[in-house]
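K.L.:
See data-v1.pdb below, with PDB, C-alpha atoms.
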MODEL        1
ATOM      1  CA  MET U 677     102.055  67.354  33.712
ATOM      2  CA  GLY U 678      99.603  64.630  32.653
ATOM      3  CA  GLN U 679      97.282  62.737  34.917
ATOM      4  CA  SER U 680      98.907  59.915  36.891
ATOM      5  CA  PHE U 681      97.326  56.482  36.751
ATOM      6  CA  LEU U 682      99.468  55.120  39.597
ATOM      7  CA  GLN U 683      97.366  56.686  42.361
ATOM      8  CA  LEU U 684      93.710  57.276  43.025
ATOM      9  CA  ASP U 685      92.606  60.856  42.463
ATOM     10  CA  ALA U 686      90.309  61.948  45.278
ATOM     11  CA  ASP U 687      88.863  64.791  43.183
ATOM     12  CA  LEU U 688      87.836  62.393  40.413
ATOM     13  CA  ILE U 689      86.265  59.995  42.912
ATOM     14  CA  ILE U 690      84.250  62.850  44.424
ATOM     15  CA  SER U 691      83.207  63.962  40.933
ATOM     16  CA  THR U 692      82.073  60.408  40.099
ATOM     17  CA  VAL U 693      80.002  60.144  43.281
ATOM     18  CA  GLU U 694      78.498  63.577  42.627
ATOM     19  CA  THR U 695      77.508  62.576  39.082
ATOM     20  CA  LEU U 696      76.003  59.315  40.344
ATOM     21  CA  SER U 697      74.013  61.227  42.957
ATOM     22  CA  ARG U 698      72.537  63.456  40.247
ATOM     23  CA  ARG U 699      71.700  60.444  38.085
ATOM     24  CA  ILE U 700      69.828  58.778  40.935
ATOM     25  CA  ARG U 701      67.879  61.925  41.812
ATOM     26  CA  GLU U 702      66.936  62.492  38.174
ATOM     27  CA  ARG U 703      65.803  58.893  37.665
ATOM     28  CA  PHE U 704      64.303  58.269  41.127
ATOM     29  CA  PRO U 705      63.606  61.672  42.735
ATOM     30  CA  LYS U 706      61.702  60.159  45.684
ATOM     31  CA  ALA U 707      63.909  57.117  46.314
ATOM     32  CA  GLY U 708      65.854  56.797  49.549
ATOM     33  CA  LEU U 709      68.839  55.559  47.553
ATOM     34  CA  GLY U 710      69.460  59.143  46.464
ATOM     35  CA  LYS U 711      69.798  60.241  50.091
ATOM     36  CA  VAL U 712      72.258  57.415  50.723
ATOM     37  CA  CYS U 713      74.311  58.560  47.741
ATOM     38  CA  ASP U 714      74.240  62.142  49.060
ATOM     39  CA  GLN U 715      75.642  60.793  52.335
ATOM     40  CA  LEU U 716      78.284  58.872  50.391
ATOM     41  CA  LEU U 717      79.201  62.108  48.621
ATOM     42  CA  ALA U 718      79.660  63.879  51.966
ATOM     43  CA  VAL U 719      81.780  60.976  53.246
ATOM     44  CA  SER U 720      83.931  61.049  50.097
ATOM     45  CA  ARG U 721      84.654  64.748  50.620
ATOM     46  CA  GLN U 722      85.549  64.069  54.237
ATOM     47  CA  ALA U 723      87.758  61.189  53.103
ATOM     48  CA  GLN U 724      89.838  63.521  50.967
ATOM     49  CA  VAL U 725      90.587  65.709  53.997
ATOM     50  CA  ARG U 726      91.006  62.794  56.407
ATOM     51  CA  ALA U 727      93.306  60.837  54.098
ATOM     52  CA  ALA U 728      95.532  63.895  53.641
ATOM     53  CA  GLY U 729      95.669  64.341  57.424
ATOM     54  CA  ILE U 730      96.533  60.673  57.978
ATOM     55  CA  ALA U 731      99.338  60.881  55.411
ATOM     56  CA  ARG U 732     100.930  63.839  57.232
ATOM     57  CA  PRO U 733     103.104  63.256  60.324
ATOM     58  CA  ILE U 734     101.682  64.332  63.680
ATOM     59  CA  TRP U 735     104.484  66.678  64.671
ATOM     60  CA  SER U 736     103.272  67.253  68.218
ATOM     61  CA  VAL U 737     103.507  63.517  68.938
ATOM     62  CA  ARG U 738     106.895  63.164  67.256
ATOM     63  CA  LEU U 739     108.326  66.191  69.070
ATOM     64  CA  GLY U 740     106.990  64.765  72.343
ATOM     65  CA  ALA U 741     108.793  61.471  71.643
ATOM     66  CA  VAL U 742     112.052  63.308  70.931
ATOM     67  CA  ALA U 743     111.641  65.381  74.107
ATOM     68  CA  PHE U 744     111.119  62.164  76.106
ATOM     69  CA  VAL U 745     114.319  60.638  74.718
ATOM     70  CA  LEU U 746     116.303  63.785  75.486
ATOM     71  CA  GLY U 747     114.852  63.877  79.005
ATOM     72  CA  ILE U 748     115.897  60.263  79.668
ATOM     73  CA  ALA U 749     119.394  60.955  78.336
ATOM     74  CA  ALA U 750     119.720  64.048  80.507
ATOM     75  CA  MET U 751     118.546  62.121  83.584
ATOM     76  CA  PHE U 752     121.199  59.429  83.031
ATOM     77  CA  ALA U 753     123.882  62.066  82.500
ATOM     78  CA  VAL U 754     122.997  63.910  85.738
ATOM     79  CA  THR U 755     122.861  60.641  87.703
ATOM     80  CA  TYR U 756     126.234  59.567  86.365
ATOM     81  CA  VAL U 757     127.840  62.886  87.291
ATOM     82  CA  LYS U 758     126.404  62.872  90.839
ATOM     83  CA  LEU U 759     127.393  59.288  91.571
ATOM     84  CA  ASN U 760     130.943  59.786  90.181
ATOM     85  CA  PRO U 761     131.661  56.021  89.977
ATOM     86  CA  ARG U 762     135.399  56.597  89.306
ATOM     87  CA  ASP U 763     135.954  57.800  92.888
ATOM     88  CA  SER U 764     133.836  55.153  94.605
ATOM     89  CA  GLN U 765     134.575  51.556  95.425
ATOM     90  CA  ILE U 766     131.722  49.164  94.477
ATOM     91  CA  SER U 767     131.641  45.637  95.837
ATOM     92  CA  THR U 768     130.533  42.652  93.790
ATOM     93  CA  ALA U 769     127.140  42.471  95.527
ATOM     94  CA  GLU U 770     126.525  46.157  94.944
ATOM     95  CA  PHE U 771     127.581  45.789  91.314
ATOM     96  CA  VAL U 772     125.040  42.980  90.808
ATOM     97  CA  GLN U 773     122.297  45.099  92.353
ATOM     98  CA  VAL U 774     123.202  48.061  90.166
ATOM     99  CA  LEU U 775     123.307  45.810  87.090
ATOM    100  CA  GLU U 776     119.869  44.361  87.880
ATOM    101  CA  ALA U 777     118.359  47.807  88.461
ATOM    102  CA  GLY U 778     119.960  49.077  85.259
ATOM    103  CA  PHE U 779     118.529  46.146  83.291
ATOM    104  CA  ASN U 780     115.018  46.769  84.656
ATOM    105  CA  ALA U 781     115.319  50.464  83.905
ATOM    106  CA  THR U 782     116.492  49.678  80.350
ATOM    107  CA  VAL U 783     113.453  47.437  79.732
ATOM    108  CA  LEU U 784     111.037  50.042  81.057
ATOM    109  CA  ILE U 785     112.661  52.865  79.122
ATOM    110  CA  GLY U 786     112.693  50.729  75.967
ATOM    111  CA  ALA U 787     108.969  50.025  76.341
ATOM    112  CA  ALA U 788     108.327  53.741  76.868
ATOM    113  CA  LEU U 789     110.330  54.577  73.736
ATOM    114  CA  ILE U 790     108.370  52.053  71.673
ATOM    115  CA  PHE U 791     105.126  53.522  73.021
ATOM    116  CA  PHE U 792     106.041  57.086  72.102
ATOM    117  CA  PHE U 793     107.593  56.303  68.711
ATOM    118  CA  THR U 794     104.566  54.227  67.619
ATOM    119  CA  LEU U 795     102.001  56.648  69.027
ATOM    120  CA  ASP U 796     101.862  58.559  65.723
ATOM    121  CA  THR U 797     101.044  55.385  63.758
ATOM    122  CA  ARG U 798      98.501  54.153  66.298
ATOM    123  CA  ILE U 799      96.600  57.456  66.258
ATOM    124  CA  LYS U 800      96.479  57.395  62.455
ATOM    125  CA  ARG U 801      95.400  53.737  62.471
ATOM    126  CA  ARG U 802      92.537  54.501  64.849
ATOM    127  CA  ARG U 803      91.331  57.379  62.655
ATOM    128  CA  CYS U 804      91.580  55.213  59.556
ATOM    129  CA  LEU U 805      89.659  52.311  61.099
ATOM    130  CA  GLU U 806      86.904  54.650  62.309
ATOM    131  CA  ALA U 807      86.484  56.033  58.782
ATOM    132  CA  ILE U 808      86.441  52.542  57.270
ATOM    133  CA  HIS U 809      83.768  51.526  59.785
ATOM    134  CA  GLU U 810      81.573  54.372  58.482
ATOM    135  CA  LEU U 811      82.020  53.124  54.920
ATOM    136  CA  ARG U 812      81.192  49.575  55.994
ATOM    137  CA  SER U 813      77.916  50.822  57.468
ATOM    138  CA  ILE U 814      77.086  52.647  54.222
ATOM    139  CA  ALA U 815      77.750  49.454  52.240
ATOM    140  CA  HIS U 816      75.250  47.564  54.395
ATOM    141  CA  ILE U 817      72.694  50.364  54.004
ATOM    142  CA  ILE U 818      73.057  50.169  50.203
ATOM    143  CA  ASP U 819      72.487  46.436  50.415
ATOM    144  CA  MET U 820      69.331  47.021  52.471
ATOM    145  CA  HIS U 821      67.937  49.289  49.728
ATOM    146  CA  GLN U 822      68.234  46.593  47.071
ATOM    147  CA  LEU U 823      67.054  43.814  49.375
ATOM    148  CA  THR U 824      63.402  43.824  48.250
ATOM    149  CA  LYS U 825      64.090  44.607  44.573
ATOM    150  CA  ASP U 826      63.437  41.078  43.308
ATOM    151  CA  PRO U 827      63.334  40.434  39.536
ATOM    152  CA  GLU U 828      61.842  37.030  40.359
ATOM    153  CA  ARG U 829      58.484  38.789  40.824
ATOM    154  CA  LEU U 830      58.565  39.675  37.126
ATOM    155  CA  LEU U 831      59.019  36.039  36.156
ATOM    156  CA  SER U 832      56.410  34.558  38.470
ATOM    157  CA  PRO U 833      54.274  37.319  39.950
ATOM    158  CA  GLY U 834      51.741  36.522  42.616
ATOM    159  CA  SER U 835      49.369  38.252  44.942
ATOM    160  CA  ASP U 836      50.810  40.681  47.488
ATOM    161  CA  THR U 837      50.198  40.597  51.215
ATOM    162  CA  ALA U 838      49.528  43.537  53.480
ATOM    163  CA  SER U 839      53.232  43.674  54.378
ATOM    164  CA  SER U 840      54.590  43.196  50.840
ATOM    165  CA  PRO U 841      56.831  46.021  49.597
ATOM    166  CA  LYS U 842      55.407  48.306  46.953
ATOM    167  CA  ARG U 843      56.537  47.337  43.460
ATOM    168  CA  THR U 844      56.033  50.221  41.054
ATOM    169  CA  MET U 845      59.122  49.954  38.831
ATOM    170  CA  THR U 846      59.266  48.791  35.257
ATOM    171  CA  GLY U 847      61.884  46.252  34.305
ATOM    172  CA  PHE U 848      64.090  49.020  32.876
ATOM    173  CA  GLU U 849      63.794  51.116  36.050
ATOM    174  CA  LEU U 850      64.603  48.124  38.214
ATOM    175  CA  ASN U 851      67.669  47.441  36.076
ATOM    176  CA  ARG U 852      68.866  51.022  36.535
ATOM    177  CA  TYR U 853      68.177  50.938  40.288
ATOM    178  CA  LEU U 854      70.231  47.784  40.768
ATOM    179  CA  ASP U 855      73.010  49.162  38.575
ATOM    180  CA  TYR U 856      73.157  52.319  40.721
ATOM    181  CA  CYS U 857      73.498  50.110  43.810
ATOM    182  CA  SER U 858      76.430  48.227  42.270
ATOM    183  CA  GLU U 859      78.143  51.503  41.311
ATOM    184  CA  MET U 860      77.747  52.845  44.838
ATOM    185  CA  LEU U 861      79.241  49.675  46.308
ATOM    186  CA  ALA U 862      82.234  49.961  43.976
ATOM    187  CA  LEU U 863      82.752  53.594  44.980
ATOM    188  CA  VAL U 864      82.665  52.674  48.676
ATOM    189  CA  GLY U 865      85.719  50.480  48.098
ATOM    190  CA  LYS U 866      87.514  53.223  46.154
ATOM    191  CA  ILE U 867      86.910  55.778  48.902
ATOM    192  CA  ALA U 868      88.283  53.331  51.476
ATOM    193  CA  ALA U 869      91.421  52.843  49.371
ATOM    194  CA  LEU U 870      92.175  56.571  49.683
ATOM    195  CA  TYR U 871      92.967  56.114  53.375
ATOM    196  CA  VAL U 872      95.785  53.614  52.814
ATOM    197  CA  GLN U 873      97.149  55.094  49.603
ATOM    198  CA  ASP U 874      99.800  57.019  51.558
ATOM    199  CA  PHE U 875      99.512  55.119  54.849
ATOM    200  CA  ALA U 876     100.795  51.577  54.411
ATOM    201  CA  ASP U 877      99.841  50.300  57.860
ATOM    202  CA  ALA U 878      99.232  46.539  57.876
ATOM    203  CA  ASP U 879      96.093  46.688  60.039
ATOM    204  CA  ALA U 880      94.587  49.543  58.025
ATOM    205  CA  VAL U 881      95.334  47.838  54.698
ATOM    206  CA  ALA U 882      93.770  44.608  56.011
ATOM    207  CA  ALA U 883      90.627  46.526  57.030
ATOM    208  CA  VAL U 884      90.360  48.104  53.578
ATOM    209  CA  ASN U 885      90.818  44.701  51.924
ATOM    210  CA  ASP U 886      88.050  43.263  54.120
ATOM    211  CA  LEU U 887      85.747  46.132  53.145
ATOM    212  CA  GLU U 888      86.493  45.618  49.448
ATOM    213  CA  ASP U 889      85.725  41.908  49.847
ATOM    214  CA  LEU U 890      82.417  42.869  51.476
ATOM    215  CA  THR U 891      81.431  45.330  48.731
ATOM    216  CA  ALA U 892      82.437  42.847  46.011
ATOM    217  CA  SER U 893      80.309  40.166  47.652
ATOM    218  CA  LEU U 894      77.313  42.494  47.916
ATOM    219  CA  ALA U 895      77.794  43.641  44.323
ATOM    220  CA  ARG U 896      77.765  40.018  43.136
ATOM    221  CA  LYS U 897      74.314  39.613  44.673
ATOM    222  CA  VAL U 898      73.136  42.715  42.833
ATOM    223  CA  TRP U 899      74.547  41.499  39.521
ATOM    224  CA  GLN U 900      72.891  38.127  39.946
ATOM    225  CA  LYS U 901      69.578  39.994  40.068
ATOM    226  CA  ILE U 902      70.538  42.023  36.992
ATOM    227  CA  MET U 903      71.388  38.844  35.086
ATOM    228  CA  VAL U 904      68.010  37.339  35.997
ATOM    229  CA  LEU U 905      66.305  40.589  35.038
ATOM    230  CA  ASN U 906      67.956  40.629  31.611
ATOM    231  CA  GLU U 907      66.421  37.257  30.764
ATOM    232  CA  ILE U 908      62.826  38.299  31.464
ATOM    233  CA  PRO U 909      60.609  37.918  28.344
ATOM    234  CA  LEU U 910      59.099  41.012  26.818
ATOM    235  CA  ASP U 911      55.361  41.384  26.280
ATOM    236  CA  ARG U 912      53.657  41.459  22.863
ATOM    237  CA  SER U 913      54.355  45.167  22.439
ATOM    238  CA  GLY U 914      58.090  44.620  22.833
ATOM    239  CA  ALA U 915      58.229  46.630  26.067
ATOM    240  CA  PRO U 916      59.567  45.401  29.417
ATOM    241  CA  PRO U 917      56.780  44.090  31.675
ATOM    242  CA  LYS U 918      55.467  46.279  34.477
ATOM    243  CA  TYR U 919      57.088  45.548  37.823
ATOM    244  CA  SER U 920      53.769  45.874  39.654
ATOM    245  CA  ASP U 921      51.794  43.754  37.178
ATOM    246  CA  THR U 922      50.268  40.570  38.575
ATOM    247  CA  THR U 923      49.490  38.818  35.272
ATOM    248  CA  MET U 924      51.522  36.063  33.683
ATOM    249  CA  TYR U 925      53.800  37.128  30.850
ATOM    250  CA  ILE U 926      53.981  35.683  27.371
ATOM    251  CA  PRO U 927      56.927  33.333  26.749
ATOM    252  CA  ALA U 928      59.562  34.595  24.349
ATOM    253  CA  SER U 929      58.740  31.815  21.869
ATOM    254  CA  GLU U 930      55.204  33.192  21.470
ATOM    255  CA  ILE U 931      56.275  36.753  20.729
ATOM    256  CA  PRO U 932      55.812  37.632  17.035
ATOM    257  CA  GLY U 933      59.156  37.654  15.258
ATOM    258  CA  SER U 934      60.908  35.381  17.752
ATOM    259  CA  PRO U 935      62.465  32.089  16.616
ATOM    260  CA  GLY U 936      59.726  29.537  15.861
ATOM    261  CA  ALA U 937      56.966  32.130  15.587
ATOM    262  CA  THR U 938      55.126  32.725  12.303
ATOM    263  CA  PRO U 939      55.467  36.302  11.042
ATOM    264  CA  PRO U 940      52.184  38.052  10.148
ATOM    265  CA  SER U 941      51.166  38.033   6.506
ATOM    266  CA  GLY U 942      52.412  40.990   4.525
ATOM    267  CA  ALA U 943      55.045  41.884   7.083
ATOM    268  CA  ALA U 944      58.246  43.307   5.663
ATOM    269  CA  PRO U 945      61.320  41.164   6.287
ATOM    270  CA  GLY U 946      63.640  42.433   8.919
ATOM    271  CA  PRO U 947      65.560  41.440  12.055
ATOM    272  CA  PRO U 948      63.448  39.759  14.705
ATOM    273  CA  PRO U 949      62.542  41.975  17.664
ATOM    274  CA  ALA U 950      64.254  41.534  21.000
ATOM    275  CA  THR U 951      62.601  38.890  23.127
ATOM    276  CA  THR U 952      64.139  39.642  26.501
ATOM    277  CA  LEU U 953      64.773  42.770  28.509
ATOM    278  CA  GLY U 954      68.533  42.297  28.232
ATOM    279  CA  ALA U 955      68.336  41.977  24.448
ATOM    280  CA  ALA U 956      66.155  45.078  24.270
ATOM    281  CA  LEU U 957      68.644  47.090  26.327
ATOM    282  CA  ARG U 958      71.547  45.894  24.196
ATOM    283  CA  ALA U 959      69.645  46.744  21.014
ATOM    284  CA  LYS U 960      68.892  50.209  22.378
ATOM    285  CA  GLU U 961      72.566  50.806  23.203
ATOM    286  CA  SER U 962      73.733  49.689  19.728
ATOM    287  CA  SER U 963      71.169  51.803  17.849
TER     288      SER U 963
ENDMDL
END
Is it possible to express this structure as C-alpha cells?
P.N.:
Amino acid sequence: MGQSFLQLDADLIISTVETLSRRIRERFPKAGLGKVCDQLLAVSRQAQVRAAGIARPIWSVRLGAVAFVLGIAAMFAVTYVKLNPRDSQISTAEFVQVLEAGFNATVLIGAALIFFFTLDTRIKRRRCLEAIHELRSIAHIIDMHQLTKDPERLLSPGSDTASSPKRTMTGFELNRYLDYCSEMLALVGKIAALYVQDFADADAVAAVNDLEDLTASLARKVWQKIMVLNEIPLDRSGAPPKYSDTTMYIPASEIPGSPGATPPSGAAPGPPPATTLGAALRAKESS
C-alpha cells in the first residue's frame, strides 16, 4: 500500500528533524541551536508515543463510568422494590415531596454522568495541552537564538560595545543559520498537529492553531532578515562580506561587471558577476 498524503506521518517528521539536527551540527558544531534541535528531536519522538496514547480510549475511565451507571440503576431498582409503591397510599403532599426529591436526584445523577463520561476527553485534553505548552516554549527558545543575528550589521557595521554579541559568521553562514531556525519553527507546528490528528477536541485544536500562528509569526521575522541578507552587496572578490568585519562595503554599482561599471580592458565577454548575496546563492544553486 502506498504512502497516504491525507495524514501526517510521525516517522517522517522524526526523520526530518533528525536530518536537520545533523545539518546544524555539521555546519555549526559549537552552536547552541544544535542542542535545541536535539531537544526538538527528543520531543518529536515523545510526541509519536503521546499522540498514539491520546488517540486510544482510556478503558479504565470508560469502564468506571459504565460501572457508575450500573450502580445507580441498581440502587433505584432496590429502592423501588423495598418501597413497593403499589401497596402504599401516597397523599398529594407526599407525592410532591417525592417528586421534588426525585428531580434533585435526577439533576445530581445527570451531572455525575456527564462528569464520568467526559472524564476520558478531559484527561486527554490536559495531556495534549501540556505537550503543546512544551512545544510553545521550544518555539520561543528558537526565536531567542536568532534574536541577535542581525543582517543589518552587514549593511551598516559599526563599533561593538563590551556587551555586544560576538559576530563571527559570514553572510552565507548567517543565511544558513536563519534558514535552520525557520525550518525548526515549521517542524514545531507539524509536531503539534500530530496531537490533534486523531483527537478532534475543540480546545486542543484551538491550542494547536494558536501555536501554528505563533510559529508562523516568528518565521516571518526570520524570513524578513533573510530577505535583507540576500540584498547585501558583495565585495570586489565576489564573496559575501564577513559578518564580523567593521569596514564599509562597496556598493553593487561599483563592483566590476555590474550594470554601469566599465569592464577591464582585455576581459572576455561573459555574464556579469552576482552583485548581491542572494544573487550569488541563486547562481550557485543553478550551476
K.L.:
Excluding U:Leu870 and any residue of its chain fewer than 2 positions from it, enumerate the residues within 12 Å of it, using all atoms listed in the file, and give them as a VMD selection string.
P.N.:
chain U and resid 683 to 690 719 to 731 804 807 to 808 811 863 to 868 872 to 876 880 to 881 884
K.L.:
Between U:Gln773, U:Ser839, U:Asn780, U:Asn885, single out the one closest to U:Leu805, counting all atoms listed in the file.
P.N.:
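Ranking U:Gln773, U:Ser839, U:Asn780, U:Asn885 by distance to U:Leu805, first place goes to U:Asn885.
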K.L.:
Of the candidates U:Arg801, U:Leu682, U:Val693, U:Glu859, which one gets nearest to U:Asp879 if we count only C-alpha atoms?
P.N.:
U:Arg801
K.L.:
Quick one, how far is atom CA of U:Ser736 from atom CA of U:Glu806?
P.N.:
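Interatomic distance, atom CA of U:Ser736 to atom CA of U:Glu806: 21.5 Å.
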K.L.:
Using all atoms listed in the file, can you list as a PyMOL selection string the residues within 12 Å of (63.4, 51.5, 37.3)?
P.N.:
chain U and resi 700+702-705+707+822+825+827+843-856+902+905+916-920
K.L.:
The centre and edge lengths of an axis-aligned box containing all atoms of stretch 684-697 of chain U present in the file, extended by 5 Å on each side, are to be given in Å to one decimal, as lines of an AutoDock Vina configuration file.
P.N.:
center_x = 83.9
center_y = 61.0
center_z = 42.2
size_x = 29.7
size_y = 17.5
size_z = 16.2
K.L.:
Counting all atoms listed in the file, which of U:Leu830, U:Phe792, U:Cys713, U:Asp819 gets nearest to U:Ala741?
P.N.:
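Ranking U:Leu830, U:Phe792, U:Cys713, U:Asp819 by distance to U:Ala741, first place goes to U:Phe792.
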K.L.:
State, in Å with one decimal place, the distance from atom CA of U:Ser858 to atom CA of U:Trp899.
P.N.:
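Taking atom CA of U:Ser858 as the start and atom CA of U:Trp899 as the end point, the length is 7.5 Å.
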